[in-house]
Amino acid sequence: MPAKAPSPPVPRWTAANDATLRTLYPTAPRETILRELPGRTWEAIKCRAVRLGVSRGVPFISGNHVVPFDPESPVVRSDLLHFLRRPRTVEALTTRFRCSGQDLITTVDLLRQSGYQIKHEGDVFHRVFAPPPSGTRAHAADLHPLRTTSGRFGVVSDTHLGSRFARLDVLEAAYDHFAEVGVKTVYHAGNIVDGECSFNRHDLLVHGITDQALYVLDNYPQRKGIQTLYITADDHEGWWQQREGIDFGRYLTLEAERYGRHDLKHIGYMEADLSIHLGSRGGKIRLMHPGGGTAYALSYTTQKIVESLSGGEKPSMLIVGHYHKALYHYVRNVHVIQAGTTCDQTTFMRKKSNEAHVGFWTIDVRCDTCGAIRSVKCEFTAFFDRSYHQRSQP
């Protein structure tokens with residue numbers, strides 16, 4: 001049996017070969033790369049590309065022509081977002097997308113304006129999926145300070161728009177009432193939308209961040225002279241932050257501006273402080289959307305929240321969302337209001353034997369000349385479950 005002919009020696013990689021690979025590998029057809037790098041198998045070329053940190057993506061081709069890089073293109077944006085899940089240098093990005101550095105920066109800026117968090121450190125871009133720390137957003141103290149000795153405002157929370165359990169009738173009734181009694185500002189304590197994840201998808205009327213944002217802009221009540229200041233939470237609307245790195249509060253704010261909804265203002269993530277002052281002295285109201293489940297005793301969790309605050313950090317009033325409970329109590333010189341919900345009891349809440357207090361608050365406060373709250377009058381307007389009203393109709 002004749003001896004097997006020896007395999008031809010594998011050519012060594014040179015600096016010129018590496019430069020060719022960096023140029024061609026991201027977008028050129030396989031045949032072109034094999035022709036320009038003779039004597040090498042496709043597997044060997046792929047291994048070398050991995051060592052060089054060069055990725056091969058889907059080229060933007062229309063017919064036989066490469067489509068010019070367009071920062072407005074959904075295809076370009078989607079591919080760039082996927083590529084930025086790991087840190088990438090400007091050189092790698094411009095090579096991958098065959099664009100100029102200025103076009104790359106323009107595209108990144110457009111993505112940031114859409115709510116995506118993309119960090120730029122030196123020559124490296126990468127996406128940030130961690131939620132922003134609370135207190136880094138514009139606070140209501142900068143937007144709407146209470147400068148008089150008395151005031152009236154409305155409170156709603158956990159509207160969960162986009163869910164089939166959301167009560168648009170209650171929300172409309174709330175704003176009708178606010179307009180009737182002269183409320184100019186409504187504070188929303190989080191979960192303005194229901195978000196989307198695996199276990200709530202079957203309860204949604206609309207899916208996806210874009211459609212839920214548009215659903216809010218189409219359906220959230222708008223009354224002349226009434227402004228709604230809202231915070232976002234780390235659940236529901238916060239799920240998009242954790243998965244896709246999109247700040248929903250920023251995203252909804254930008255969509256509202258395009259939509260002409262100037263009455264909706266995002267003021268914080270998880271919490272925001274509102275100033276109450278006359279001159280240079282005064283106190284504060286804090287909006288908060290905490291976590292955890294409802295305690296057996298309704299007041300227990302909010303008592304512990306107040307007790308956990310460091311010295312000098314206690315607000316005059318604490319408005320708390322998340323628990324879907326309505327309660328006023330006075331804890332360690334703090335007026336605490338659990339904001340309730342405008343959403344019926346969900347299947348998940350029934351599973352947890354957790355009732356929903358459906359309704360809204362009208363709050364009257366009176367302060368002394370130093371801004372300290374001296375009296376609070378709280379009125380909670382309650383609603384029964386939607387099925388009760390349906391049975392009551394003739």
# chains A, B, ... in the order shown; residues from 1 in each chain; ligands from 1
>>> residues_around(residues="Val358 in chain A", least_positions_apart="4", cutoff="10 Å", atoms="only C-alpha atoms", output="NGL selection string")
:A and (156-159 or 167 or 170 or 324-326 or 339-345 or 380-386)
>>> write_last_selection(atoms="N, CA and C atoms", output="PDB file, in the first residue's frame")
ATOM      1  N   VAL A 156     -52.293  58.671  43.292  1.00  0.00           N
ATOM      2  CA  VAL A 156     -52.673  57.390  42.701  1.00  0.00           C
ATOM      3  C   VAL A 156     -51.424  56.520  42.651  1.00  0.00           C
ATOM      4  N   SER A 157     -51.623  55.243  42.406  1.00  0.00           N
ATOM      5  CA  SER A 157     -50.467  54.349  42.318  1.00  0.00           C
ATOM      6  C   SER A 157     -50.877  53.051  41.659  1.00  0.00           C
ATOM      7  N   ASP A 158     -49.885  52.327  41.179  1.00  0.00           N
ATOM      8  CA  ASP A 158     -50.073  50.966  40.666  1.00  0.00           C
ATOM      9  C   ASP A 158     -51.255  50.889  39.708  1.00  0.00           C
ATOM     10  N   THR A 159     -51.187  51.722  38.678  1.00  0.00           N
ATOM     11  CA  THR A 159     -52.247  51.736  37.674  1.00  0.00           C
ATOM     12  C   THR A 159     -52.133  50.549  36.721  1.00  0.00           C
ATOM     13  N   ARG A 167     -57.988  49.326  35.877  1.00  0.00           N
ATOM     14  CA  ARG A 167     -59.308  49.961  35.936  1.00  0.00           C
ATOM     15  C   ARG A 167     -59.235  51.374  35.364  1.00  0.00           C
ATOM     16  N   VAL A 170     -61.794  53.710  37.004  1.00  0.00           N
ATOM     17  CA  VAL A 170     -61.405  54.298  38.293  1.00  0.00           C
ATOM     18  C   VAL A 170     -60.450  55.463  38.065  1.00  0.00           C
ATOM     19  N   HIS A 324     -50.565  47.791  46.946  1.00  0.00           N
ATOM     20  CA  HIS A 324     -51.978  47.803  46.545  1.00  0.00           C
ATOM     21  C   HIS A 324     -52.899  47.920  47.759  1.00  0.00           C
ATOM     22  N   LYS A 325     -52.424  48.596  48.786  1.00  0.00           N
ATOM     23  CA  LYS A 325     -53.212  48.792  50.005  1.00  0.00           C
ATOM     24  C   LYS A 325     -53.405  50.279  50.262  1.00  0.00           C
ATOM     25  N   ALA A 326     -54.539  50.616  50.869  1.00  0.00           N
ATOM     26  CA  ALA A 326     -54.849  52.005  51.213  1.00  0.00           C
ATOM     27  C   ALA A 326     -54.877  52.135  52.730  1.00  0.00           C
ATOM     28  N   ALA A 339     -50.697  54.037  49.102  1.00  0.00           N
ATOM     29  CA  ALA A 339     -51.421  54.739  48.041  1.00  0.00           C
ATOM     30  C   ALA A 339     -52.550  53.951  47.402  1.00  0.00           C
ATOM     31  N   GLY A 340     -52.652  52.638  47.655  1.00  0.00           N
ATOM     32  CA  GLY A 340     -53.699  51.863  47.007  1.00  0.00           C
ATOM     33  C   GLY A 340     -53.366  51.561  45.557  1.00  0.00           C
ATOM     34  N   THR A 341     -54.393  51.272  44.766  1.00  0.00           N
ATOM     35  CA  THR A 341     -54.192  50.892  43.371  1.00  0.00           C
ATOM     36  C   THR A 341     -55.432  51.233  42.561  1.00  0.00           C
ATOM     37  N   THR A 342     -55.273  51.304  41.257  1.00  0.00           N
ATOM     38  CA  THR A 342     -56.428  51.386  40.361  1.00  0.00           C
ATOM     39  C   THR A 342     -56.443  50.135  39.484  1.00  0.00           C
ATOM     40  N   CYS A 343     -56.170  49.007  40.102  1.00  0.00           N
ATOM     41  CA  CYS A 343     -56.105  47.724  39.402  1.00  0.00           C
ATOM     42  C   CYS A 343     -56.829  46.684  40.252  1.00  0.00           C
ATOM     43  N   ASP A 344     -57.692  45.897  39.640  1.00  0.00           N
ATOM     44  CA  ASP A 344     -58.396  44.853  40.373  1.00  0.00           C
ATOM     45  C   ASP A 344     -57.429  43.778  40.868  1.00  0.00           C
ATOM     46  N   GLN A 345     -57.923  42.949  41.774  1.00  0.00           N
ATOM     47  CA  GLN A 345     -57.118  41.834  42.266  1.00  0.00           C
ATOM     48  C   GLN A 345     -56.765  40.908  41.102  1.00  0.00           C
ATOM     49  N   PHE A 380     -59.904  58.842  51.068  1.00  0.00           N
ATOM     50  CA  PHE A 380     -59.725  57.755  50.105  1.00  0.00           C
ATOM     51  C   PHE A 380     -61.067  57.420  49.484  1.00  0.00           C
ATOM     52  N   THR A 381     -61.133  57.511  48.180  1.00  0.00           N
ATOM     53  CA  THR A 381     -62.347  57.162  47.443  1.00  0.00           C
ATOM     54  C   THR A 381     -62.191  55.735  46.946  1.00  0.00           C
ATOM     55  N   ALA A 382     -63.012  54.829  47.483  1.00  0.00           N
ATOM     56  CA  ALA A 382     -62.852  53.397  47.224  1.00  0.00           C
ATOM     57  C   ALA A 382     -63.813  52.914  46.143  1.00  0.00           C
ATOM     58  N   PHE A 383     -63.391  51.864  45.449  1.00  0.00           N
ATOM     59  CA  PHE A 383     -64.205  51.231  44.417  1.00  0.00           C
ATOM     60  C   PHE A 383     -64.232  49.726  44.658  1.00  0.00           C
ATOM     61  N   PHE A 384     -65.367  49.124  44.332  1.00  0.00           N
ATOM     62  CA  PHE A 384     -65.450  47.671  44.388  1.00  0.00           C
ATOM     63  C   PHE A 384     -64.820  47.066  43.136  1.00  0.00           C
ATOM     64  N   ASP A 385     -64.712  45.743  43.149  1.00  0.00           N
ATOM     65  CA  ASP A 385     -64.199  45.035  41.990  1.00  0.00           C
ATOM     66  C   ASP A 385     -65.087  45.285  40.775  1.00  0.00           C
ATOM     67  N   ARG A 386     -64.498  45.264  39.610  1.00  0.00           N
ATOM     68  CA  ARG A 386     -65.228  45.537  38.375  1.00  0.00           C
ATOM     69  C   ARG A 386     -66.437  44.612  38.219  1.00  0.00           C
TER      70      ARG A 386
END
>>> closest_atom_pairs(of="range 178-205 of chain A", to="range 226-230 of chain A", cutoff="6 Å", atoms="only C-alpha atoms", output="JSON lines")
{"residue": "A:Lys184", "atom": "CA", "partner": "A:Ile226", "partner_atom": "CA", "distance": 4.5}
{"residue": "A:Thr185", "atom": "CA", "partner": "A:Gln227", "partner_atom": "CA", "distance": 4.9}
{"residue": "A:Val186", "atom": "CA", "partner": "A:Thr228", "partner_atom": "CA", "distance": 4.7}
{"residue": "A:Tyr187", "atom": "CA", "partner": "A:Leu229", "partner_atom": "CA", "distance": 5.1}
{"residue": "A:His188", "atom": "CA", "partner": "A:Tyr230", "partner_atom": "CA", "distance": 4.4}
>>> closest_residue(among="A:Ser308, A:Gln338, A:Ser316, A:Thr347", to="Phe360 in chain A", atoms="only C-alpha atoms")
A:Gln338
>>> atom_distance(atom1="CA of Ile209 in chain A", atom2="CA of Ala233 in chain A")
14.8 Å
>>> residues_around(residues="Glu72 in chain A", least_positions_apart="3", cutoff="10 Å", atoms="only C-alpha atoms", output="list in words")
Phe69, Val75, Val76, Arg77, Thr106, Thr107, Leu110 and Leu111 of chain A
>>> write_last_selection(atoms="N, CA and C atoms", output="PDB file, in the first residue's frame")
ATOM      1  N   PHE A  69     -24.631  52.878   5.731  1.00  0.00           N
ATOM      2  CA  PHE A  69     -24.919  52.920   7.163  1.00  0.00           C
ATOM      3  C   PHE A  69     -25.869  54.081   7.459  1.00  0.00           C
ATOM      4  N   VAL A  75     -32.611  48.133  11.529  1.00  0.00           N
ATOM      5  CA  VAL A  75     -31.694  46.995  11.411  1.00  0.00           C
ATOM      6  C   VAL A  75     -30.343  47.340  12.019  1.00  0.00           C
ATOM      7  N   VAL A  76     -29.843  48.529  11.704  1.00  0.00           N
ATOM      8  CA  VAL A  76     -28.562  48.973  12.256  1.00  0.00           C
ATOM      9  C   VAL A  76     -28.648  49.074  13.772  1.00  0.00           C
ATOM     10  N   ARG A  77     -29.715  49.677  14.274  1.00  0.00           N
ATOM     11  CA  ARG A  77     -29.856  49.857  15.726  1.00  0.00           C
ATOM     12  C   ARG A  77     -29.930  48.517  16.443  1.00  0.00           C
ATOM     13  N   THR A 106     -23.446  59.216  16.526  1.00  0.00           N
ATOM     14  CA  THR A 106     -24.817  59.668  16.268  1.00  0.00           C
ATOM     15  C   THR A 106     -25.822  58.566  16.574  1.00  0.00           C
ATOM     16  N   THR A 107     -25.515  57.343  16.149  1.00  0.00           N
ATOM     17  CA  THR A 107     -26.414  56.213  16.402  1.00  0.00           C
ATOM     18  C   THR A 107     -26.521  55.919  17.891  1.00  0.00           C
ATOM     19  N   LEU A 110     -28.752  58.475  19.526  1.00  0.00           N
ATOM     20  CA  LEU A 110     -30.166  58.219  19.240  1.00  0.00           C
ATOM     21  C   LEU A 110     -30.699  57.081  20.108  1.00  0.00           C
ATOM     22  N   LEU A 111     -29.891  56.060  20.327  1.00  0.00           N
ATOM     23  CA  LEU A 111     -30.307  54.959  21.197  1.00  0.00           C
ATOM     24  C   LEU A 111     -30.446  55.431  22.636  1.00  0.00           C
TER      25      LEU A 111
END
>>> closest_residue(among="A:Gly195, A:Gly53, A:Gly268, A:Gly101", to="Gly238 in chain A", atoms="only C-alpha atoms")
A:Gly195
>>> closest_residue(among="A:Asn354, A:Ser114, A:Thr20, A:Thr302", to="Val336 in chain A", atoms="only C-alpha atoms")
A:Thr302
>>> atom_distance(atom1="CA of Glu355 in chain A", atom2="CA of Gln241 in chain A")
28.0 Å
>>> closest_residue(among="A:Arg164, A:Lys351, A:Arg201, A:His126", to="Arg112 in chain A", atoms="only C-alpha atoms")
A:His126
>>> closest_residue(among="A:His160, A:His357, A:His82, A:His177", to="Tyr220 in chain A", atoms="only C-alpha atoms")
A:His160
>>> select_by_dssp(residues="range 58-306 of chain A", states="alpha helix (DSSP H)", output="PyMOL selection string")
chain A and resi 74-83+90-97+101-113+140-143+168-181+209-219+237-244+248-259+300-306
>>> residues_around(residues="range 242-258 of chain A", least_positions_apart="3", cutoff="6 Å", atoms="only C-alpha atoms", output="ChimeraX atom specification")
/A:114-117,128-129,213,239,261,266
>>> closest_residue(among="A:Asp169, A:Glu379, A:Asp273, A:Asp123", to="Ala189 in chain A", atoms="only C-alpha atoms")
A:Asp273
>>> residues_around(residues="Pro315 in chain A", least_positions_apart="3", cutoff="8 Å", atoms="only C-alpha atoms", output="PyMOL selection string")
chain A and resi 283-286+318+334
>>> write_last_selection(atoms="C-alpha atoms", output="PDB file, in the first residue's frame")
ATOM      1  CA  GLY A 283     -39.580  69.662  55.013  1.00  0.00           C
ATOM      2  CA  LYS A 284     -40.214  67.118  52.322  1.00  0.00           C
ATOM      3  CA  ILE A 285     -42.665  64.547  51.011  1.00  0.00           C
ATOM      4  CA  ARG A 286     -41.143  61.326  49.719  1.00  0.00           C
ATOM      5  CA  LEU A 318     -44.148  59.213  53.047  1.00  0.00           C
ATOM      6  CA  VAL A 334     -44.022  60.817  59.735  1.00  0.00           C
TER       7      VAL A 334
END
>>> atom_distance(atom1="CA of Arg51 in chain A", atom2="CA of Phe83 in chain A")
17.4 Å
>>> select_by_dssp(residues="range 64-108 of chain A", states="strand (DSSP E or B)", output="ChimeraX atom specification")
/A:65-66,88-89
>>> residues_around(residues="Gln212 in chain A", least_positions_apart="2", cutoff="8 Å", atoms="only C-alpha atoms", output="PyMOL selection string")
chain A and resi 161-162+193+195+206-210+214-216
